[in-house]
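> Before we start, here is the structure in question, set down as structure tokens.
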Amino acid sequence: MSSPFFPEMHDLAKLVNPKGSFPTRDGEPISLANGKVFANLDFSKLGLEDKKHLPTLQAIFYAGQFPKEAELDSELKKKLFLLQLAHRLASAFQVHPMPLSEELSPSLYKLWQPQHHLLNPYKPPINNGAALKEALEMATSWEKGQGFWERYSPYLRIRSDCDYKPFNIASLFSHSFLTSQFYKALEEKVTELQDPWRLSLGGEEAFTPEEAEQKWFGCIVWGQVYFYQKPQVPDDLKVFRKVQEAIAALEEAFPSNLIASFQNHFWLFIPGKDKQSLDKVAGIFLERGFPVTLRYNEAPLATLGQSKAIEFRIILLEAMASELERLKGEKENQKTQVEEDLKAQEKIAAELSQEIARLEEELTRLTSPKTRHATRKLKREAEKRFESVTSRIQSLRNELTELEGVLGKIGKEIAWLKEQLAKEKAEKSKGPTWYQEEKHPPEIQRKQRGASLCQVCSVRQPVQGSELCPVCQEIRTTGEELTSQAPWLSNGYLLWLHCFFEPRFWQHAILTLFSNYLDKVNPGIWEASQRFQIKTSLRWPVILKDFIGDLQSFLKELELEICRLVGARNRLRLADNLWVMPISRGTKIMVLLRSYIALLERFFPAFIPLADMPLYLGMSIAPASEQFFAQWRYLRRPPQPISIKLPDQERLEVSIDTMKELIRYGEVLVSYRQRRRPSLEQVRIEELIARNIIKRQDVKTFQQLMGWEGT
Ligand SMILES: [Zn+2]
């Protein structure tokens with residue numbers, strides 16, 4: 001049996017405290033430097049001398065890198081080769097330019113939650129020989145290795161995979177998890193060839209990981225599952241669970257390929273140019289009767305997963321160019337000022353030197369000691385002033401040279417940006433970098449005159465003697481009846497609540513937030529071309545993995561708030577982000593809105609002010625007798641970050657900030673019309689309306705919602 005290999009442990013040294021006490025052969029602090037991880041560690045004192053050759057320990061010593069110089073047996077060589085590829089794909093950045101400061105920042109900086117690292121500073125868990133022995137032993141057997149995640153997750157989640165700002169934006173947890181996934185996915189498809197030794201993926205052979213990164217292709221798939229069903233009775237709502245089951249089946253069929261999944265979205269990594277796997281992915285949904293959209297991006301591993309969002313690149317270049325134009329104007333003004341000063345000083349210098357010459361000449365003529373003395377004094381003073389003016393002139397000249405240098409550099413940067421912008425715009429017209437395929441189950445039919453189709457999905461023929469097709473029938477009849485779990489589903493008013501996530505907006509939001517973070521950390525130090533290169537080479541899969549984890553925690557908290565409000569038995573979770581509950585008062589909805597906004601501010605504060613806010617809240621209040629589908633049509637894609645449909649079809653669709661204003665003045669708003677003299681708050685609302693921050697109609701709808709009572 002071959003020795004166990006745990007790719008996820010390759011960054012174990014990042015959990016070690018550099019100041020901890022460890023047995024070292026030279027008595028120096030433990031070595032954790034790149035390429036020298038544990039180089040001076042005394043393994044015999046840890047009782048691990050005979051384990052050093054094990055592949056996971058080797059991976060830890062090389063920190064996931066492939067050692068070009070070392071002599072390795074072919075099994076280990078293959079492992080470290082693939083590990084380097086996987087480790088890079090699972091990082092947020094391919095290469096880090098030299099850090100500008102030596103200051104270590106291992107705490108995770110969450111782009112959407114900038115306070116996170118202050119509230120959760122990272123402290124390494126491995127502080128001494130015994131703790132290190134425990135950790136390294138995990139790498140020695142399959143059995144012990146199982147404990148890795150449980151033992152270290154809390155630390156991995158708050159430690160960044162990179163030690164330096166601004167690259168500390170992905171967690172070591174997601175990095176380690178995805179390294180393991182990508183490694184396994186590659187290993188399944190790569191074959192080893194001998195004499196000379198090399199690896200091959202789909203017929204493309206490579207001798208080094210660097211070569212493989214250029215020659216080997218991979219594919220990142222973003223899939224989205226839909227359904228045709230228009231639920232008629234409560235039990236038809238089980239379609240959401242059916243979608244979840246289909247995603248679970250995908251996870252089972254592609255355990256090594258999954259990056260993340262959320263509700264009806266999933267993201268996969270597929271090595272090679274592999275259309276068959278794509279078909280197999282689609283097949284999982286099609287055979288369950290669901291259509292699926294697959295968007296995928298095929299690229300060499302060297303660039304796979306980098307955001308190619310062309311709109312973002314163009315916006316970024318334009319913003320950088322206009323910032324430089326502004327800076328250029330500023331520097332040119334400074335230059336004019338310096339030139340004027342210089343001219344004035346030179347004029348003074350010329351006058352002074354004339355004055356000195358005149359006094360000099362006068363001295364040759366004067367004979368009286370008294371007047372000679374006075375003139376000499378005058379001359380000395382003039383010379384002193386001349387000296388100081390000359391030195392001022394010199395410093396102005398230096399300043400001018402410096403400004404000219406800066407202006408020259410800015411000019412070059414602007415030229416580069418303009419050239420790049422033209423290139424990107426040309427690229428944009430070339431078409432999408434993502435391919436998109438919409439797949440429908442083969443059995444579905446277009447509506448034909450006279451043909452009878454299933455009542456729920458309208459795309460399949462009903463089973464004989466029934467109004468439903470086999471798929472819809474199965475959904476309706478399997479599992480517990482929803483009305484027995486939630487008898488209230490068929491009477492009174494219901495509140496439907498959907499948290500919608502838009503991955504495309506998310507990607508733009510991440511790029512914007514990282515761009516801001518980089519500018520804040522390194523204001524104007526790196527050149528434009530370098531800043532642009534870093535900002536656009538961000539690899540998003542590892543960040544997505546972090547984000548989906550936070551999104552799930554956010555939704556769990558939201559569900560707790562819902563339970564607190566209506567009672568656990570009075571809420572039905574249809575999907576991780578979709579609930580229905582009985583509702584009788586608008587004030588309860590207000591409580592939910594407050595909780596939702598408070599949670600957003602806790603989990604994703606940095607998203608709130610962005611134009612590309614990726615999270616939307618949809619709410620719909622309707623009598624139970626009204627069909628679900630009427631609600632779903634609205635909730636599926638809420639038009640604004642907060643979108644509420646009232647029972648009488650009125651709609652309140654506003655940004656988070658507007659909703660905060662409405663809530664802040666909520667109580668006043670209810671009594672708005674009843675008071676005679678306007679309160680300060682009312683004056684403030686009128687001001688907000690006048691400034692077009694809030695629409696009068698929104699205030700009215702908000703009042704209506706607050707005052708609503710179901711009867
Ligand atoms: Zn059907």
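Within each chain, counting starts at residue 1; across the structure tokens, chains are named A, B, ... in the order shown, with ligands numbered 1 upward in that order.
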Around ligand 1, out to 6 Å and counting only C-alpha atoms and all ligand atoms, which residues are there? I want them as a PyMOL selection string.

chain A and resi 454+456-457+460+468-469+471-472

> DSSP on the backbone: which residues in segment 319-462 of chain A end up as strand (DSSP E)? Give the answer as a PyMOL selection string.

chain A and resi 435-439

> May I have the residues from that selection written out with C-alpha atoms, as a PDB file, in the first residue's frame?


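Once everything was written out, this is part.pdb:
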ATOM      1  CA  TYR A 435     -18.981  29.927 -23.305  1.00  0.00           C
ATOM      2  CA  GLN A 436     -22.561  29.274 -22.467  1.00  0.00           C
ATOM      3  CA  GLU A 437     -24.679  26.234 -23.167  1.00  0.00           C
ATOM      4  CA  GLU A 438     -28.293  25.849 -22.210  1.00  0.00           C
ATOM      5  CA  LYS A 439     -29.356  22.246 -21.961  1.00  0.00           C
TER       6      LYS A 439
END

> May I ask which of the residues A:Gly408, A:Gly549, A:Gly20, A:Pro166 is the closest one to Asn522 of chain A, counting only C-alpha atoms?

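For Asn522 of chain A, the nearest of the candidates is A:Pro166.
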
> Restricting the calculation to only C-alpha atoms: of A:Glu467, A:Glu311, A:Glu325, A:Leu482, which residue gets closest to Glu424 of chain A?

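Of A:Glu467, A:Glu311, A:Glu325, A:Leu482, the one nearest Glu424 of chain A is A:Glu311, counting only C-alpha atoms.
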
> Hey, can you check how far atom CA of Glu383 of chain A sits from atom CA of Gln345 of chain A?

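Answer for the atom CA of Glu383 of chain A to atom CA of Gln345 of chain A separation: 14.6 Å.
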
> If you run DSSP on the backbone here, which positions in segment 637-706 of chain A get helix (DSSP H, G or I)? Please write them as a ChimeraX atom specification.

/A:656-664,666-670,680-690,696-706

> Grab the residues selected above and save them as a JSON list (two decimals), in the first residue's frame with N, CA and C atoms.


[["chain", "number", "residue", "atom", "x", "y", "z"],
["A", 656, "ILE", "N", -30.26, 49.46, 0.00],
["A", 656, "ILE", "CA", -30.13, 49.22, 1.44],
["A", 656, "ILE", "C", -30.12, 50.56, 2.18],
["A", 657, "ASP", "N", -29.38, 51.53, 1.63],
["A", 657, "ASP", "CA", -29.27, 52.81, 2.33],
["A", 657, "ASP", "C", -30.62, 53.52, 2.44],
["A", 658, "THR", "N", -31.40, 53.46, 1.36],
["A", 658, "THR", "CA", -32.73, 54.07, 1.42],
["A", 658, "THR", "C", -33.59, 53.37, 2.47],
["A", 659, "MET", "N", -33.50, 52.04, 2.49],
["A", 659, "MET", "CA", -34.30, 51.31, 3.47],
["A", 659, "MET", "C", -33.88, 51.69, 4.88],
["A", 660, "LYS", "N", -32.58, 51.91, 5.08],
["A", 660, "LYS", "CA", -32.13, 52.31, 6.41],
["A", 660, "LYS", "C", -32.73, 53.66, 6.81],
["A", 661, "GLU", "N", -32.79, 54.57, 5.86],
["A", 661, "GLU", "CA", -33.40, 55.87, 6.15],
["A", 661, "GLU", "C", -34.88, 55.69, 6.48],
["A", 662, "LEU", "N", -35.55, 54.87, 5.69],
["A", 662, "LEU", "CA", -36.98, 54.65, 5.93],
["A", 662, "LEU", "C", -37.21, 54.05, 7.31],
["A", 663, "ILE", "N", -36.35, 53.08, 7.68],
["A", 663, "ILE", "CA", -36.52, 52.44, 8.98],
["A", 663, "ILE", "C", -36.22, 53.44, 10.10],
["A", 664, "ARG", "N", -35.17, 54.25, 9.89],
["A", 664, "ARG", "CA", -34.78, 55.20, 10.93],
["A", 664, "ARG", "C", -35.94, 56.12, 11.30],
["A", 666, "GLY", "N", -39.03, 55.35, 10.70],
["A", 666, "GLY", "CA", -40.21, 54.50, 10.60],
["A", 666, "GLY", "C", -41.36, 54.92, 11.49],
["A", 667, "GLU", "N", -41.08, 55.12, 12.78],
["A", 667, "GLU", "CA", -42.18, 55.40, 13.69],
["A", 667, "GLU", "C", -42.82, 56.73, 13.39],
["A", 668, "VAL", "N", -41.99, 57.68, 13.00],
["A", 668, "VAL", "CA", -42.53, 58.99, 12.64],
["A", 668, "VAL", "C", -43.40, 58.85, 11.41],
["A", 669, "LEU", "N", -42.92, 58.00, 10.49],
["A", 669, "LEU", "CA", -43.64, 57.86, 9.23],
["A", 669, "LEU", "C", -45.06, 57.37, 9.43],
["A", 670, "VAL", "N", -45.24, 56.49, 10.41],
["A", 670, "VAL", "CA", -46.57, 55.95, 10.63],
["A", 670, "VAL", "C", -47.54, 57.06, 11.01],
["A", 680, "LEU", "N", -38.84, 67.33, 13.68],
["A", 680, "LEU", "CA", -37.52, 67.41, 13.04],
["A", 680, "LEU", "C", -37.33, 66.28, 12.05],
["A", 681, "GLU", "N", -37.80, 65.09, 12.45],
["A", 681, "GLU", "CA", -37.65, 63.92, 11.58],
["A", 681, "GLU", "C", -38.40, 64.12, 10.27],
["A", 682, "GLN", "N", -39.60, 64.71, 10.40],
["A", 682, "GLN", "CA", -40.38, 64.92, 9.18],
["A", 682, "GLN", "C", -39.67, 65.91, 8.26],
["A", 683, "VAL", "N", -39.07, 66.92, 8.89],
["A", 683, "VAL", "CA", -38.32, 67.89, 8.09],
["A", 683, "VAL", "C", -37.19, 67.18, 7.36],
["A", 684, "ARG", "N", -36.54, 66.27, 8.08],
["A", 684, "ARG", "CA", -35.42, 65.51, 7.50],
["A", 684, "ARG", "C", -35.91, 64.65, 6.32],
["A", 685, "ILE", "N", -37.07, 64.02, 6.49],
["A", 685, "ILE", "CA", -37.60, 63.20, 5.40],
["A", 685, "ILE", "C", -37.90, 64.06, 4.18],
["A", 686, "GLU", "N", -38.52, 65.22, 4.42],
["A", 686, "GLU", "CA", -38.82, 66.12, 3.30],
["A", 686, "GLU", "C", -37.54, 66.51, 2.58],
["A", 687, "GLU", "N", -36.49, 66.68, 3.39],
["A", 687, "GLU", "CA", -35.19, 67.04, 2.82],
["A", 687, "GLU", "C", -34.67, 65.90, 1.93],
["A", 688, "LEU", "N", -34.79, 64.66, 2.44],
["A", 688, "LEU", "CA", -34.33, 63.50, 1.67],
["A", 688, "LEU", "C", -35.13, 63.36, 0.38],
["A", 689, "ILE", "N", -36.43, 63.66, 0.49],
["A", 689, "ILE", "CA", -37.26, 63.59, -0.72],
["A", 689, "ILE", "C", -36.83, 64.67, -1.70],
["A", 690, "ALA", "N", -36.61, 65.87, -1.17],
["A", 690, "ALA", "CA", -36.21, 66.98, -2.03],
["A", 690, "ALA", "C", -34.89, 66.69, -2.72],
["A", 696, "ARG", "N", -41.08, 60.02, -2.80],
["A", 696, "ARG", "CA", -42.28, 60.18, -1.98],
["A", 696, "ARG", "C", -43.13, 58.91, -2.03],
["A", 697, "GLN", "N", -43.14, 58.29, -3.21],
["A", 697, "GLN", "CA", -43.93, 57.07, -3.37],
["A", 697, "GLN", "C", -43.41, 55.97, -2.43],
["A", 698, "ASP", "N", -42.07, 55.89, -2.26],
["A", 698, "ASP", "CA", -41.49, 54.89, -1.36],
["A", 698, "ASP", "C", -41.93, 55.14, 0.07],
["A", 699, "VAL", "N", -41.98, 56.41, 0.46],
["A", 699, "VAL", "CA", -42.43, 56.73, 1.81],
["A", 699, "VAL", "C", -43.86, 56.25, 2.00],
["A", 700, "LYS", "N", -44.69, 56.50, 0.99],
["A", 700, "LYS", "CA", -46.09, 56.09, 1.07],
["A", 700, "LYS", "C", -46.22, 54.57, 1.16],
["A", 701, "THR", "N", -45.48, 53.87, 0.31],
["A", 701, "THR", "CA", -45.57, 52.41, 0.32],
["A", 701, "THR", "C", -45.05, 51.86, 1.64],
["A", 702, "PHE", "N", -44.00, 52.51, 2.15],
["A", 702, "PHE", "CA", -43.45, 52.08, 3.43],
["A", 702, "PHE", "C", -44.49, 52.23, 4.54],
["A", 703, "GLN", "N", -45.19, 53.37, 4.54],
["A", 703, "GLN", "CA", -46.25, 53.58, 5.53],
["A", 703, "GLN", "C", -47.32, 52.51, 5.42],
["A", 704, "GLN", "N", -47.63, 52.20, 4.17],
["A", 704, "GLN", "CA", -48.66, 51.19, 3.92],
["A", 704, "GLN", "C", -48.23, 49.84, 4.49],
["A", 705, "LEU", "N", -46.94, 49.52, 4.27],
["A", 705, "LEU", "CA", -46.41, 48.24, 4.75],
["A", 705, "LEU", "C", -46.43, 48.19, 6.27],
["A", 706, "MET", "N", -45.98, 49.29, 6.90],
["A", 706, "MET", "CA", -45.94, 49.35, 8.36],
["A", 706, "MET", "C", -47.33, 49.17, 8.96]]

> Considering only C-alpha atoms, return as a ChimeraX atom specification whatever protein or nucleic-acid residues lie within 8 Å of Leu304 of chain A, sequence-local ones (same chain, fewer than 3 positions apart) excluded.

/A:89,218-220,297-301,539

> Write out as a ChimeraX atom specification each polymer residue whose atoms come within 9 Å of Glu103 of chain A, counting only C-alpha atoms; drop sequence neighbours fewer than 5 positions from it.

/A:163-165

> Once you have the residues from the selection above, write them out as a PDB file, in the first residue's frame, restricted to C-alpha atoms.


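File part-v7.pdb, as written:
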ATOM      1  CA  ASP A 163       1.792  36.693   4.635  1.00  0.00           C
ATOM      2  CA  TYR A 164       1.816  40.107   2.990  1.00  0.00           C
ATOM      3  CA  LYS A 165      -0.613  42.916   2.276  1.00  0.00           C
TER       4      LYS A 165
END

> In terms of the shortest atom-to-atom distance over only C-alpha atoms, which of A:Leu316, A:Leu286, A:Ile694, A:Leu85 is closest to Leu421 of chain A?

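Closest to Leu421 of chain A, using only C-alpha atoms: A:Leu316.
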
> Please list as a VMD selection string every residue within 7 Å of Lys545 of chain A, counting only C-alpha atoms and excluding residues in the same chain fewer than 2 positions away.

chain A and resid 174 259 to 260 541 to 543 547 to 549

> In Å, rounded to a single decimal, give me how far atom CA of Gly618 of chain A is from atom CA of Lys645 of chain A.

8.1 Å
